[in-house]
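Shown here: final.cif, mmCIF, C-alpha atoms and all ligand atoms.
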data_data
#
loop_
_atom_site.label_atom_id
_atom_site.label_comp_id
_atom_site.auth_asym_id
_atom_site.auth_seq_id
_atom_site.Cartn_x
_atom_site.Cartn_y
_atom_site.Cartn_z
CA MET A 1163 105.07 91.79 71.37
CA SER A 1164 108.02 93.24 69.48
CA ASP A 1165 110.16 91.26 67.02
CA GLN A 1166 113.16 92.12 69.12
CA TYR A 1167 111.55 90.59 72.19
CA ASN A 1168 110.79 87.44 70.19
CA VAL A 1169 114.46 87.08 69.32
CA ALA A 1170 115.42 87.51 72.98
CA GLN A 1171 112.80 84.96 73.99
CA GLN A 1172 114.32 82.37 71.66
CA ILE A 1173 117.86 83.05 72.81
CA TYR A 1174 116.92 82.68 76.47
CA ALA A 1175 114.90 79.54 75.72
CA LYS A 1176 118.11 77.88 74.50
CA HIS A 1177 119.45 78.38 78.03
CA GLY A 1178 116.30 76.92 79.56
CA VAL A 1179 114.91 80.32 80.61
CA ASP A 1180 111.25 81.10 79.89
CA THR A 1181 111.07 84.90 79.48
CA GLU A 1182 107.26 84.91 79.74
CA LYS A 1183 107.45 83.31 83.18
CA VAL A 1184 110.19 85.75 84.13
CA LEU A 1185 108.06 88.73 83.10
CA ASP A 1186 105.14 87.41 85.17
CA THR A 1187 107.36 86.94 88.21
CA LEU A 1188 108.93 90.37 87.83
CA GLN A 1189 105.52 91.96 87.57
CA ASN A 1190 104.66 90.80 91.07
CA ILE A 1191 107.87 91.51 92.97
CA PRO A 1192 107.29 94.82 94.72
CA ILE A 1193 109.97 97.34 95.42
CA SER A 1194 109.38 99.65 98.31
CA LEU A 1195 110.12 103.12 97.07
CA HIS A 1196 111.42 105.44 99.79
CA CYS A 1197 109.46 108.67 99.94
CA TRP A 1198 112.36 110.89 101.01
CA GLN A 1199 114.50 111.39 97.89
CA LEU A 1200 111.77 113.67 96.56
CA ASP A 1201 112.26 116.38 99.21
CA ASP A 1202 115.64 115.74 100.88
CA LEU A 1203 113.87 114.05 103.81
CA SER A 1204 112.17 117.29 104.88
CA GLY A 1205 108.76 115.71 105.47
CA PHE A 1206 105.59 117.50 106.55
CA GLU A 1207 106.13 117.76 110.31
CA ALA A 1208 108.41 120.80 110.31
CA PRO A 1209 110.00 120.96 106.83
CA GLU A 1210 112.24 123.89 107.77
CA ARG A 1211 114.03 121.73 110.35
CA GLY A 1212 117.37 120.41 109.05
CA LEU A 1213 118.50 116.80 109.02
CA SER A 1214 120.34 115.36 111.99
CA GLY A 1215 121.69 111.97 112.97
CA GLY A 1216 124.74 111.77 110.73
CA ILE A 1217 122.92 111.77 107.41
CA ALA A 1218 122.87 114.53 104.79
CA ALA A 1219 121.32 115.36 101.43
CA THR A 1220 123.84 117.59 99.69
CA GLY A 1221 123.45 119.62 96.50
CA SER A 1222 121.41 122.56 95.29
CA ALA A 1223 119.43 121.35 92.29
CA ALA A 1224 116.25 123.32 91.59
CA GLY A 1225 112.85 121.74 92.00
CA LYS A 1226 112.55 120.85 95.66
CA PRO A 1227 108.80 120.87 96.37
CA ASN A 1228 107.57 123.99 98.16
CA SER A 1229 104.36 122.50 99.49
CA LYS A 1230 102.72 119.22 100.28
CA GLU A 1231 100.70 119.57 97.05
CA GLU A 1232 103.86 119.93 94.98
CA TYR A 1233 105.37 116.98 96.80
CA MET A 1234 102.35 114.81 95.98
CA GLU A 1235 102.45 115.82 92.31
CA ASN A 1236 106.09 114.84 92.12
CA LEU A 1237 105.33 111.53 93.78
CA ASP A 1238 102.57 110.82 91.23
CA LEU A 1239 105.03 111.51 88.44
CA ALA A 1240 107.75 109.34 89.94
CA LEU A 1241 105.40 106.40 90.46
CA SER A 1242 104.15 106.66 86.87
CA LEU A 1243 107.70 106.18 85.55
CA ILE A 1244 108.49 103.02 87.51
CA PRO A 1245 107.15 99.84 85.91
CA GLY A 1246 105.63 96.97 87.93
CA LYS A 1247 104.49 96.50 91.50
CA LYS A 1248 105.36 99.13 94.10
CA LYS A 1249 105.14 99.83 97.78
CA LEU A 1250 105.82 103.24 99.25
CA ALA A 1251 108.05 103.54 102.32
CA LEU A 1252 106.97 106.46 104.47
CA HIS A 1253 108.80 108.14 107.32
CA ALA A 1254 106.90 109.23 110.42
CA ILE A 1255 107.55 112.92 109.66
CA TYR A 1256 105.39 112.65 106.52
CA LEU A 1257 102.27 112.87 108.66
CA ASN A 1258 99.23 115.05 108.39
CA ASN A 1259 99.53 117.65 111.11
CA GLU A 1260 97.39 120.29 109.44
CA GLU A 1261 95.28 120.49 112.59
CA GLY A 1262 98.29 121.37 114.74
CA PHE A 1263 101.75 120.13 115.62
CA VAL A 1264 101.84 116.47 116.67
CA ASP A 1265 105.00 115.32 118.40
CA ARG A 1266 106.60 111.94 117.69
CA ASP A 1267 105.28 110.40 120.90
CA GLN A 1268 101.75 111.39 119.94
CA ILE A 1269 101.36 110.11 116.38
CA GLU A 1270 98.46 107.82 115.57
CA PRO A 1271 96.99 106.08 112.54
CA LYS A 1272 94.64 109.02 112.05
CA HIS A 1273 97.58 111.18 111.05
CA PHE A 1274 98.24 108.80 108.17
CA THR A 1275 94.77 108.06 106.79
CA PHE A 1276 95.48 110.25 103.77
CA TRP A 1277 98.33 107.93 102.85
CA VAL A 1278 96.06 104.90 103.04
CA ASP A 1279 93.64 106.69 100.71
CA TYR A 1280 96.51 107.58 98.40
CA ALA A 1281 97.77 103.99 98.41
CA LYS A 1282 94.34 102.57 97.59
CA LYS A 1283 93.85 105.05 94.79
CA ASN A 1284 97.25 104.32 93.29
CA ASN A 1285 97.16 100.57 93.78
CA ILE A 1286 100.21 100.44 96.02
CA THR A 1287 100.82 99.33 99.62
CA LEU A 1288 102.83 100.93 102.42
CA ASP A 1289 105.90 100.43 104.57
CA PHE A 1290 106.86 102.63 107.50
CA ASN A 1291 109.86 104.13 109.29
CA PRO A 1292 109.92 105.75 112.71
CA THR A 1293 111.88 109.03 112.56
CA TYR A 1294 114.39 108.84 115.40
CA PHE A 1295 116.29 111.98 114.27
CA SER A 1296 115.79 115.62 113.22
CA HIS A 1297 114.25 116.47 116.58
CA GLU A 1298 115.39 118.36 119.69
CA LYS A 1299 115.30 115.13 121.71
CA ALA A 1300 117.81 113.63 119.26
CA ALA A 1301 120.20 116.58 119.56
CA ASP A 1302 122.81 114.42 121.32
CA ASP A 1303 122.63 111.84 118.53
CA LEU A 1304 121.37 109.40 121.14
CA THR A 1305 117.76 108.20 121.24
CA LEU A 1306 116.83 104.68 122.37
CA SER A 1307 120.23 104.35 124.07
CA HIS A 1308 120.30 107.81 125.69
CA PRO A 1309 121.46 107.74 129.35
CA ASP A 1310 118.50 109.98 130.28
CA LYS A 1311 115.47 107.75 130.87
CA ALA A 1312 113.01 110.50 129.92
CA ILE A 1313 114.56 110.74 126.46
CA ARG A 1314 114.62 106.97 126.05
CA ASP A 1315 110.97 106.79 127.07
CA PHE A 1316 110.04 109.44 124.52
CA TRP A 1317 111.65 107.50 121.68
CA THR A 1318 110.37 104.16 122.95
CA GLU A 1319 106.87 105.58 122.78
CA HIS A 1320 107.57 106.72 119.22
CA GLY A 1321 108.69 103.23 118.24
CA LYS A 1322 105.59 101.63 119.77
CA ARG A 1323 103.26 104.02 118.02
CA CYS A 1324 104.97 103.47 114.68
CA ARG A 1325 104.36 99.72 114.90
CA LYS A 1326 100.67 100.39 115.47
CA ILE A 1327 100.62 102.60 112.40
CA GLY A 1328 102.32 99.78 110.50
CA GLU A 1329 99.66 97.36 111.70
CA TYR A 1330 96.99 99.81 110.54
CA PHE A 1331 98.58 100.00 107.07
CA GLY A 1332 98.75 96.21 106.89
CA LYS A 1333 95.10 95.77 107.86
CA GLU A 1334 93.85 98.48 105.53
CA LEU A 1335 95.86 97.47 102.50
CA GLY A 1336 95.97 93.69 102.84
CA GLU A 1337 99.76 93.47 102.63
CA VAL A 1338 102.30 93.34 105.42
CA CYS A 1339 103.90 96.62 106.37
CA ILE A 1340 107.59 96.50 107.23
CA THR A 1341 108.29 99.02 109.97
CA ASN A 1342 111.99 99.71 109.76
CA HIS A 1343 113.75 101.08 112.83
CA TRP A 1344 116.97 102.97 112.26
CA ILE A 1345 118.49 105.04 115.05
CA PRO A 1346 121.49 107.35 114.67
CA ASP A 1347 122.93 106.57 118.13
CA GLY A 1348 126.69 106.74 118.23
CA SER A 1349 129.75 108.67 119.15
CA LYS A 1350 132.04 110.96 117.17
CA ASP A 1351 135.09 110.06 119.13
CA TYR A 1352 136.58 107.29 121.22
CA ARG A 1353 133.98 105.54 123.33
CA VAL A 1354 135.14 103.83 126.49
CA ASP A 1355 131.97 102.10 127.64
CA LYS A 1356 130.68 100.39 124.53
CA LEU A 1357 128.55 97.92 126.48
CA GLY A 1358 126.41 100.41 128.41
CA PRO A 1359 124.52 102.02 125.50
CA ARG A 1360 123.91 98.58 123.98
CA LYS A 1361 122.33 97.36 127.22
CA LEU A 1362 120.05 100.39 127.16
CA LEU A 1363 119.20 99.73 123.52
CA ILE A 1364 118.23 96.13 124.29
CA ASP A 1365 115.98 97.37 127.04
CA SER A 1366 114.30 100.01 124.84
CA LEU A 1367 113.78 97.55 121.99
CA ASP A 1368 112.28 94.97 124.35
CA LYS A 1369 109.77 97.60 125.45
CA ILE A 1370 108.94 98.64 121.90
CA PHE A 1371 108.29 95.02 120.91
CA GLU A 1372 106.44 94.03 124.09
CA GLU A 1373 103.09 94.09 122.34
CA LYS A 1374 102.73 91.21 119.88
CA ILE A 1375 101.44 92.30 116.51
CA ASP A 1376 100.27 89.81 113.89
CA PRO A 1377 103.09 89.45 111.33
CA LYS A 1378 100.40 89.28 108.69
CA TYR A 1379 100.05 93.04 109.20
CA ASN A 1380 103.34 94.34 110.56
CA ILE A 1381 106.91 93.08 110.70
CA ASP A 1382 109.65 95.13 112.35
CA SER A 1383 113.10 95.37 110.87
CA LEU A 1384 116.23 96.72 112.57
CA GLU A 1385 118.73 98.61 110.44
CA SER A 1386 122.38 98.59 111.41
CA LYS A 1387 125.09 100.97 110.35
CA LEU A 1388 128.85 101.13 110.42
CA PHE A 1389 129.14 104.85 111.11
CA GLY A 1390 127.43 108.17 110.47
CA LEU A 1391 128.77 111.59 109.51
CA GLY A 1392 130.12 113.09 112.75
CA LEU A 1393 129.59 109.73 114.47
CA GLU A 1394 132.64 107.93 113.17
CA SER A 1395 133.95 106.10 116.21
CA TYR A 1396 131.09 104.05 117.59
CA THR A 1397 127.62 102.98 116.48
CA VAL A 1398 125.37 101.46 119.12
CA GLY A 1399 123.19 99.61 116.59
CA SER A 1400 125.91 97.76 114.73
CA HIS A 1401 125.35 94.85 112.35
CA GLU A 1402 126.46 92.35 114.97
CA PHE A 1403 124.23 93.92 117.60
CA TYR A 1404 121.04 93.67 115.56
CA SER A 1405 121.86 90.24 114.10
CA ASN A 1406 122.13 88.87 117.61
CA TYR A 1407 119.18 90.81 118.97
CA SER A 1408 116.78 89.70 116.26
CA ALA A 1409 117.95 86.08 116.31
CA ILE A 1410 117.79 85.77 120.10
CA ARG A 1411 114.55 87.66 120.65
CA ASN A 1412 112.91 86.42 117.47
CA ASN A 1413 110.67 89.50 117.42
CA SER A 1414 112.13 91.31 114.42
CA ILE A 1415 114.17 90.90 111.26
CA ILE A 1416 117.38 92.51 110.06
CA CYS A 1417 117.51 95.39 107.59
CA MET A 1418 120.71 95.49 105.60
CA ASP A 1419 121.45 98.79 103.91
CA MET A 1420 123.94 98.29 101.09
CA GLY A 1421 125.73 101.49 102.11
CA HIS A 1422 126.28 100.54 105.73
CA TYR A 1423 129.34 98.30 105.64
CA HIS A 1424 133.09 98.50 105.17
CA PRO A 1425 133.94 99.24 101.53
CA THR A 1426 135.05 95.68 100.77
CA GLU A 1427 132.19 94.10 102.70
CA VAL A 1428 129.11 93.52 100.56
CA VAL A 1429 125.52 92.55 101.25
CA SER A 1430 125.49 90.02 98.39
CA GLN A 1431 127.94 87.89 100.40
CA LYS A 1432 125.87 88.10 103.58
CA LEU A 1433 122.35 87.33 102.40
CA SER A 1434 122.58 83.54 102.22
CA SER A 1435 123.68 83.35 105.86
CA TYR A 1436 120.28 84.73 106.87
CA LEU A 1437 118.23 82.96 104.22
CA VAL A 1438 119.68 79.57 105.15
CA PHE A 1439 117.97 79.93 108.56
CA GLY A 1440 114.67 80.74 106.87
CA LYS A 1441 114.93 84.36 108.02
CA GLU A 1442 113.20 87.17 106.26
CA VAL A 1443 115.37 90.17 105.49
CA MET A 1444 114.68 93.80 104.71
CA LEU A 1445 117.01 95.41 102.20
CA HIS A 1446 117.83 99.05 101.79
CA VAL A 1447 119.17 99.26 98.30
CA SER A 1448 121.64 102.10 98.29
CA ARG A 1449 125.03 102.91 96.78
CA PRO A 1450 128.05 103.68 98.91
CA VAL A 1451 130.70 106.02 97.51
CA ARG A 1452 133.75 106.33 99.80
CA TRP A 1453 132.26 107.51 103.12
CA ASP A 1454 128.80 108.30 101.79
CA SER A 1455 126.22 105.58 102.04
CA ASP A 1456 123.39 107.06 100.04
CA HIS A 1457 124.18 107.81 96.39
CA VAL A 1458 121.45 107.25 93.81
CA VAL A 1459 121.31 103.57 92.95
CA ILE A 1460 122.56 102.51 89.53
CA PHE A 1461 122.57 99.18 87.70
CA ASP A 1462 126.02 98.17 88.94
CA ASP A 1463 127.72 94.88 89.71
CA GLU A 1464 126.85 94.72 93.41
CA LEU A 1465 123.19 95.45 92.76
CA LYS A 1466 123.09 92.61 90.21
CA GLU A 1467 124.93 90.32 92.61
CA VAL A 1468 122.42 91.01 95.41
CA MET A 1469 119.47 90.20 93.17
CA LEU A 1470 121.22 87.11 91.82
CA GLU A 1471 121.68 85.84 95.38
CA ILE A 1472 117.97 86.28 96.09
CA LYS A 1473 117.05 84.58 92.84
CA ARG A 1474 119.41 81.64 93.36
CA ALA A 1475 117.97 81.13 96.85
CA ASN A 1476 114.46 81.40 95.42
CA ALA A 1477 113.79 83.99 98.13
CA PHE A 1478 111.97 86.91 96.58
CA ASP A 1479 109.19 86.18 99.08
CA LYS A 1480 111.65 86.36 101.99
CA VAL A 1481 113.60 89.46 101.08
CA HIS A 1482 111.76 92.76 101.21
CA ILE A 1483 113.39 95.09 98.74
CA GLY A 1484 113.34 98.79 99.53
CA SER A 1485 115.29 101.74 98.16
CA ASP A 1486 117.23 104.31 100.19
CA TYR A 1487 119.27 107.17 98.76
CA PHE A 1488 119.17 110.94 98.73
CA ASP A 1489 120.89 113.34 96.41
CA ALA A 1490 119.97 117.01 96.10
CA SER A 1491 122.44 117.72 93.29
CA ILE A 1492 120.24 116.35 90.49
CA ASN A 1493 116.54 116.48 89.73
CA ARG A 1494 114.81 114.79 92.65
CA VAL A 1495 112.03 113.08 90.70
CA ALA A 1496 114.53 111.77 88.17
CA ALA A 1497 116.84 110.56 90.95
CA THR A 1498 113.97 108.66 92.55
CA VAL A 1499 113.06 107.05 89.23
CA ILE A 1500 116.60 106.26 88.08
CA GLY A 1501 117.31 104.34 91.28
CA ALA A 1502 114.01 102.48 91.31
CA ARG A 1503 114.33 101.48 87.67
CA ALA A 1504 117.86 100.26 88.32
CA ILE A 1505 116.53 98.00 91.08
CA LYS A 1506 113.83 96.58 88.80
CA LYS A 1507 116.39 96.05 86.04
CA ALA A 1508 118.63 94.16 88.42
CA ILE A 1509 115.74 91.93 89.52
CA LEU A 1510 114.98 91.19 85.88
CA TYR A 1511 118.65 90.51 85.16
CA ALA A 1512 118.72 88.01 88.02
CA LEU A 1513 115.48 86.30 87.02
CA LEU A 1514 116.90 85.80 83.52
CA GLU A 1515 120.01 84.04 84.77
CA PRO A 1516 120.20 80.42 83.59
CA THR A 1517 120.82 79.36 87.17
CA ASP A 1518 120.14 75.64 86.65
CA GLU A 1519 122.72 75.52 83.88
CA LEU A 1520 125.29 77.25 86.09
CA LYS A 1521 124.60 75.05 89.10
CA LYS A 1522 125.01 71.93 87.00
CA ILE A 1523 128.38 73.10 85.76
CA GLU A 1524 129.42 73.93 89.31
CA GLU A 1525 128.34 70.52 90.58
CA SER A 1526 130.38 68.88 87.84
CA GLY A 1527 133.46 70.49 89.35
CA ASN A 1528 134.53 72.15 86.08
CA PHE A 1529 135.41 75.57 87.43
CA THR A 1530 137.03 76.77 84.20
CA ARG A 1531 133.77 76.16 82.42
CA ARG A 1532 131.88 77.84 85.28
CA LEU A 1533 133.83 81.08 84.93
CA GLU A 1534 133.57 81.05 81.14
CA THR A 1535 129.78 80.58 81.30
CA VAL A 1536 129.31 83.23 83.98
CA GLU A 1537 131.15 85.64 81.69
CA GLU A 1538 129.38 84.73 78.44
CA ILE A 1539 125.84 84.94 79.81
CA LYS A 1540 126.46 88.57 80.64
CA MET A 1541 126.02 89.21 76.90
CA LEU A 1542 122.51 87.75 76.62
CA PRO A 1543 119.95 90.31 75.32
CA PHE A 1544 118.53 91.29 78.67
CA GLY A 1545 117.79 94.87 77.50
CA LEU A 1546 115.22 93.63 74.99
CA VAL A 1547 113.28 91.91 77.75
CA TRP A 1548 113.44 95.08 79.85
CA GLU A 1549 111.95 97.04 76.93
CA GLU A 1550 109.11 94.54 76.73
CA PHE A 1551 108.50 94.87 80.47
CA CYS A 1552 108.27 98.66 80.21
CA ARG A 1553 106.00 98.36 77.18
CA ARG A 1554 103.62 95.98 78.96
CA ASN A 1555 103.47 98.35 81.91
CA ASP A 1556 102.82 101.36 79.76
CA THR A 1557 105.96 102.99 81.06
CA PRO A 1558 108.50 104.67 78.78
CA CYS A 1559 111.62 102.58 78.29
CA ASP A 1560 113.95 105.36 77.17
CA ASN A 1561 114.09 109.16 77.04
CA TRP A 1562 111.55 109.24 79.85
CA LEU A 1563 113.03 112.42 81.22
CA GLU A 1564 111.78 114.41 78.23
CA LYS A 1565 108.55 112.44 77.86
CA ALA A 1566 107.65 113.11 81.49
CA GLY A 1567 108.68 116.74 81.35
CA VAL A 1568 111.09 116.25 84.23
C1 LIG B 1 120.47 106.05 107.54
C2 LIG B 1 119.66 104.88 107.16
C3 LIG B 1 118.18 105.10 107.12
C4 LIG B 1 117.82 106.42 106.54
C5 LIG B 1 116.33 106.64 106.45
C6 LIG B 1 116.01 108.05 106.10
O1 LIG B 1 121.80 105.83 107.42
O2 LIG B 1 120.09 104.39 105.92
O3 LIG B 1 117.56 104.08 106.44
O4 LIG B 1 118.37 106.58 105.27
O5 LIG B 1 115.73 106.24 107.59
ZN ZN B 2 118.89 102.81 105.05
#
Just give me the structure of the file as structure tokens.
Ligand code: RNT
Ligand code: ZN
Amino acid sequence: MSDQYNVAQQIYAKHGVDTEKVLDTLQNIPISLHCWQLDDLSGFEAPERGLSGGIAATGSAAGKPNSKEEYMENLDLALSLIPGKKKLALHAIYLNNEEGFVDRDQIEPKHFTFWVDYAKKNNITLDFNPTYFSHEKAADDLTLSHPDKAIRDFWTEHGKRCRKIGEYFGKELGEVCITNHWIPDGSKDYRVDKLGPRKLLIDSLDKIFEEKIDPKYNIDSLESKLFGLGLESYTVGSHEFYSNYSAIRNNSIICMDMGHYHPTEVVSQKLSSYLVFGKEVMLHVSRPVRWDSDHVVIFDDELKEVMLEIKRANAFDKVHIGSDYFDASINRVAATVIGARAIKKAILYALLEPTDELKKIEESGNFTRRLETVEEIKMLPFGLVWEEFCRRNDTPCDNWLEKAGV
């Protein structure tokens, strides 16, 4: 234990915060690291195939992995630089198809056994994402809501199979897998019939979720979006659509991506409206910049605010925290690590908040005092506790870029 940490411990104790308890709690809150920042979402299915569906990884930094082996080495390195508990969020295109091409409606757990082995070896667990894009059957940017039944059936089959893979991960690894469904479906320009595609989407989702799967092993989340690149005018799977679908059907939870709302609309303000109903929520921690939804996450105000909301609601067991960003303009391993560390820092920051003290002031009705206290506690020595966390996890706390040879 460093002297500096001891000082921080005493300062926080004066505010009624036990830093030892906080460090224990932080240790066990997993973040689900997305696998796709490391290779611009190329995957192993057909890496030469470009991205579709209104998402893009832009930039030309060197170091994109040239093989699966290189990819796995980079993943090892990234994981070693992120302190604390981790899950890994896979996409369906990161399958093993070394024995021949396997289409999305054909994937099975056996194409992912190497990930289960990897997870066991690295003491992590897994989440999953169907890949409803970057495929010739998604060329119209319509999948589960496509007017052509054959195309809808293809993607419905993909969704069903992904849930079974999620169940397999959950059984093998002893921790629930969140299978997160995001579809690109939308329209670039003015859409007249906005109801029709949503009816088709309801129907496809009902089919995907027909089979009950034990939520001990797999939970499905539905990720909404405001708009995609080239799909600016209409998104079938909007926030309102999925909120209603999951509440009415009670067969899934919502995934809120922090980059998927209007610029002045923030996830931190929405969370409590789900938590108050006892709902679980999946989070995609991302960073919107103007029209882009996927910049590398940094330790900014909204990230802190989101974690504070979870902490104040005592809901770290209800909110599944995953990352989601892609940037090809900087080193990809470093980008992965910078974002993940920012998320962990924000969780720590939230856990260290003297929430009881603040709530008491609020209840007293002294709002001047409330604002003053909120401002002053921002100066508490949170960084010293972060250093201690990194130290206890044998992870560098500064200059890790050089230390790791990134
Ligand atoms: C896209 C969604 C989605 C994707 C991943 C790759 O806007 O955020 O989560 O980023 O599925
Ligand atoms: Zn997302």
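Proximity ranking of A:Phe1439, A:Tyr1511, A:Phe1478, A:Trp1317 relative to Leu1542 of chain A places A:Tyr1511 first, based on all atoms listed in the file.
Among the candidates A:Leu1388, A:Ala1254, A:Leu1433, A:Val1536, the residue lying nearest to ligand ZN 2 (chain B) is A:Leu1388 (atoms considered: all atoms listed in the file).
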Could you pull out every residue with an atom within 8 Å of (110.0, 106.4, 100.9), file coordinates, counting only C-alpha atoms, and send them as a PyMOL selection string?
chain A and resi 1194-1199+1250-1253+1485-1486
Given a cut-off of 8 Å, what residues near ligand ZN 2 (chain B) show up using only C-alpha atoms and all ligand atoms, put as a list in words?
Trp1344, Glu1385, Cys1417, Met1418, Asp1419, Met1420, Gly1421, His1422, His1446, Val1447, Ser1448, Asp1456, Ser1485, Asp1486 and Tyr1487 of chain A
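Residues within 10 Å of Asn1413 of chain A, counting only C-alpha atoms and excluding same-chain residues fewer than 6 positions away, are Leu1367, Asp1368, Phe1371, Glu1372, Lys1374, Ile1375, Pro1377, Ile1381, Asp1382, Ser1383 and Tyr1407 of chain A.
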Save the residues we just selected, C-alpha atoms, as a JSON list (two decimals), in the coordinates of the input?
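out.json was written with the following content:
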[["chain", "number", "residue", "atom", "x", "y", "z"],
["A", 1367, "LEU", "CA", 113.78, 97.55, 121.99],
["A", 1368, "ASP", "CA", 112.28, 94.97, 124.35],
["A", 1371, "PHE", "CA", 108.29, 95.02, 120.91],
["A", 1372, "GLU", "CA", 106.44, 94.03, 124.09],
["A", 1374, "LYS", "CA", 102.73, 91.21, 119.88],
["A", 1375, "ILE", "CA", 101.44, 92.30, 116.51],
["A", 1377, "PRO", "CA", 103.09, 89.45, 111.33],
["A", 1381, "ILE", "CA", 106.91, 93.08, 110.70],
["A", 1382, "ASP", "CA", 109.65, 95.13, 112.35],
["A", 1383, "SER", "CA", 113.10, 95.37, 110.87],
["A", 1407, "TYR", "CA", 119.18, 90.81, 118.97]]
Taking (113.7, 82.2, 104.6) in the coordinates of the supplied file, I want to know which residues reach to within 12 Å of it, counting only C-alpha atoms; could you give the answer as number ranges by chain?
A: 1415, 1433-1444, 1472, 1475-1482
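Nearest-residue note for ligand LIG 1 (chain B): choosing from A:Val1451, A:Met1541, A:Ala1218, A:Leu1241, the minimum distance belongs to A:Ala1218, counting only C-alpha atoms and all ligand atoms.
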Contacts of segment 1167-1171 of chain A at 12 Å (all atoms listed in the file; same-chain gap of 2+ positions) as a short mmCIF file (atom, residue, chain, number, x, y, z; two decimals) with C-alpha atoms, in the coordinates of the input:
data_model
loop_
_atom_site.label_atom_id
_atom_site.label_comp_id
_atom_site.auth_asym_id
_atom_site.auth_seq_id
_atom_site.Cartn_x
_atom_site.Cartn_y
_atom_site.Cartn_z
CA MET A 1163 105.07 91.79 71.37
CA SER A 1164 108.02 93.24 69.48
CA ASP A 1165 110.16 91.26 67.02
CA ILE A 1173 117.86 83.05 72.81
CA TYR A 1174 116.92 82.68 76.47
CA ALA A 1175 114.90 79.54 75.72
CA LYS A 1176 118.11 77.88 74.50
CA HIS A 1177 119.45 78.38 78.03
CA GLY A 1178 116.30 76.92 79.56
CA VAL A 1179 114.91 80.32 80.61
CA ASP A 1180 111.25 81.10 79.89
CA THR A 1181 111.07 84.90 79.48
CA GLU A 1182 107.26 84.91 79.74
CA LYS A 1183 107.45 83.31 83.18
CA VAL A 1184 110.19 85.75 84.13
CA LEU A 1185 108.06 88.73 83.10
CA LEU A 1514 116.90 85.80 83.52
CA MET A 1541 126.02 89.21 76.90
CA LEU A 1542 122.51 87.75 76.62
CA PRO A 1543 119.95 90.31 75.32
CA PHE A 1544 118.53 91.29 78.67
CA GLY A 1545 117.79 94.87 77.50
CA LEU A 1546 115.22 93.63 74.99
CA VAL A 1547 113.28 91.91 77.75
CA TRP A 1548 113.44 95.08 79.85
CA GLU A 1549 111.95 97.04 76.93
CA GLU A 1550 109.11 94.54 76.73
CA PHE A 1551 108.50 94.87 80.47
CA CYS A 1552 108.27 98.66 80.21
CA ARG A 1553 106.00 98.36 77.18
CA ARG A 1554 103.62 95.98 78.96
#
Please identify all polymer residues within 8 Å of segment 1259-1275 of chain A, counting all atoms listed in the file, omitting same-chain residues fewer than 4 positions from it, and present them as a PyMOL selection string.
chain A and resi 1206-1207+1254+1279+1293+1316-1317+1319-1320+1323-1324+1326-1327+1330
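Distance annotation: of A:Asp1463, A:Asp1518, A:Asp1201, A:Asp1310, the residue with the minimal separation from ligand LIG 1 (chain B) is A:Asp1201; atom set is all atoms listed in the file.
You can rank A:Asn1493, A:Leu1513, A:Lys1299, A:Pro1558 by their closest distance to Asp1186 of chain A using all atoms listed in the file, and at the top of that list sits A:Leu1513.
Taking atom CA of Val1499 of chain A and atom CA of Asp1202 of chain A as the two end points, the separation is 14.8 Å.
Among the candidate residues A:Ser1214, A:Gly1332, A:Lys1361, A:Glu1394, the one lying nearest to Ala1300 of chain A is A:Ser1214, with distances computed using all atoms listed in the file.
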Please define a box with edges along x, y and z of the file around all atoms of segment 1355-1366 of chain A given in the file, extend it by 6 Å on each side, and return its centre and edge lengths in Å to one decimal, as JSON.
{"center_x": 123.1, "center_y": 99.1, "center_z": 126.0, "size_x": 29.7, "size_y": 18.0, "size_z": 16.9}
Who sits within 7 Å of His1401 of chain A, all atoms listed in the file, same chain under 3 positions skipped, as a PDB file with C-alpha atoms, in the frame of the given file:
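What landed in result-v1.pdb:
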ATOM      1  CA  SER A1386     122.380  98.590 111.410  1.00  0.00           C
ATOM      2  CA  LYS A1387     125.090 100.970 110.350  1.00  0.00           C
ATOM      3  CA  TYR A1404     121.040  93.670 115.560  1.00  0.00           C
ATOM      4  CA  SER A1405     121.860  90.240 114.100  1.00  0.00           C
TER       5      SER A1405
END
Any idea what the distance is between atom CA of Arg1314 of chain A and atom CA of Glu1373 of chain A?
17.7 Å
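Taking atom CA of Lys1322 of chain A and atom CA of Glu1231 of chain A as the two end points, the separation is 29.4 Å.
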Lys1350 of chain A environment, 6 Å, all atoms listed in the file, sequence neighbours closer than 3 positions dropped, as a PyMOL selection string:
chain A and resi 1392-1395
Limit the output to N, CA and C atoms and give segment 1254-1258 of chain A as a PDB file, in the first residue's frame.
ATOM      1  N   ALA A1254     -20.502 -12.268 -34.321  1.00  0.00           N
ATOM      2  CA  ALA A1254     -20.621 -13.579 -34.975  1.00  0.00           C
ATOM      3  C   ALA A1254     -19.566 -13.809 -36.063  1.00  0.00           C
ATOM      4  N   ILE A1255     -19.078 -12.721 -36.676  1.00  0.00           N
ATOM      5  CA  ILE A1255     -18.081 -12.901 -37.754  1.00  0.00           C
ATOM      6  C   ILE A1255     -16.682 -13.240 -37.228  1.00  0.00           C
ATOM      7  N   TYR A1256     -16.538 -13.337 -35.904  1.00  0.00           N
ATOM      8  CA  TYR A1256     -15.235 -13.751 -35.352  1.00  0.00           C
ATOM      9  C   TYR A1256     -15.271 -15.253 -35.071  1.00  0.00           C
ATOM     10  N   LEU A1257     -15.766 -15.997 -36.031  1.00  0.00           N
ATOM     11  CA  LEU A1257     -15.926 -17.443 -35.850  1.00  0.00           C
ATOM     12  C   LEU A1257     -14.709 -18.184 -36.405  1.00  0.00           C
ATOM     13  N   ASN A1258     -14.672 -19.446 -36.101  1.00  0.00           N
ATOM     14  CA  ASN A1258     -13.648 -20.294 -36.709  1.00  0.00           C
ATOM     15  C   ASN A1258     -14.253 -20.956 -37.938  1.00  0.00           C
TER      16      ASN A1258
END
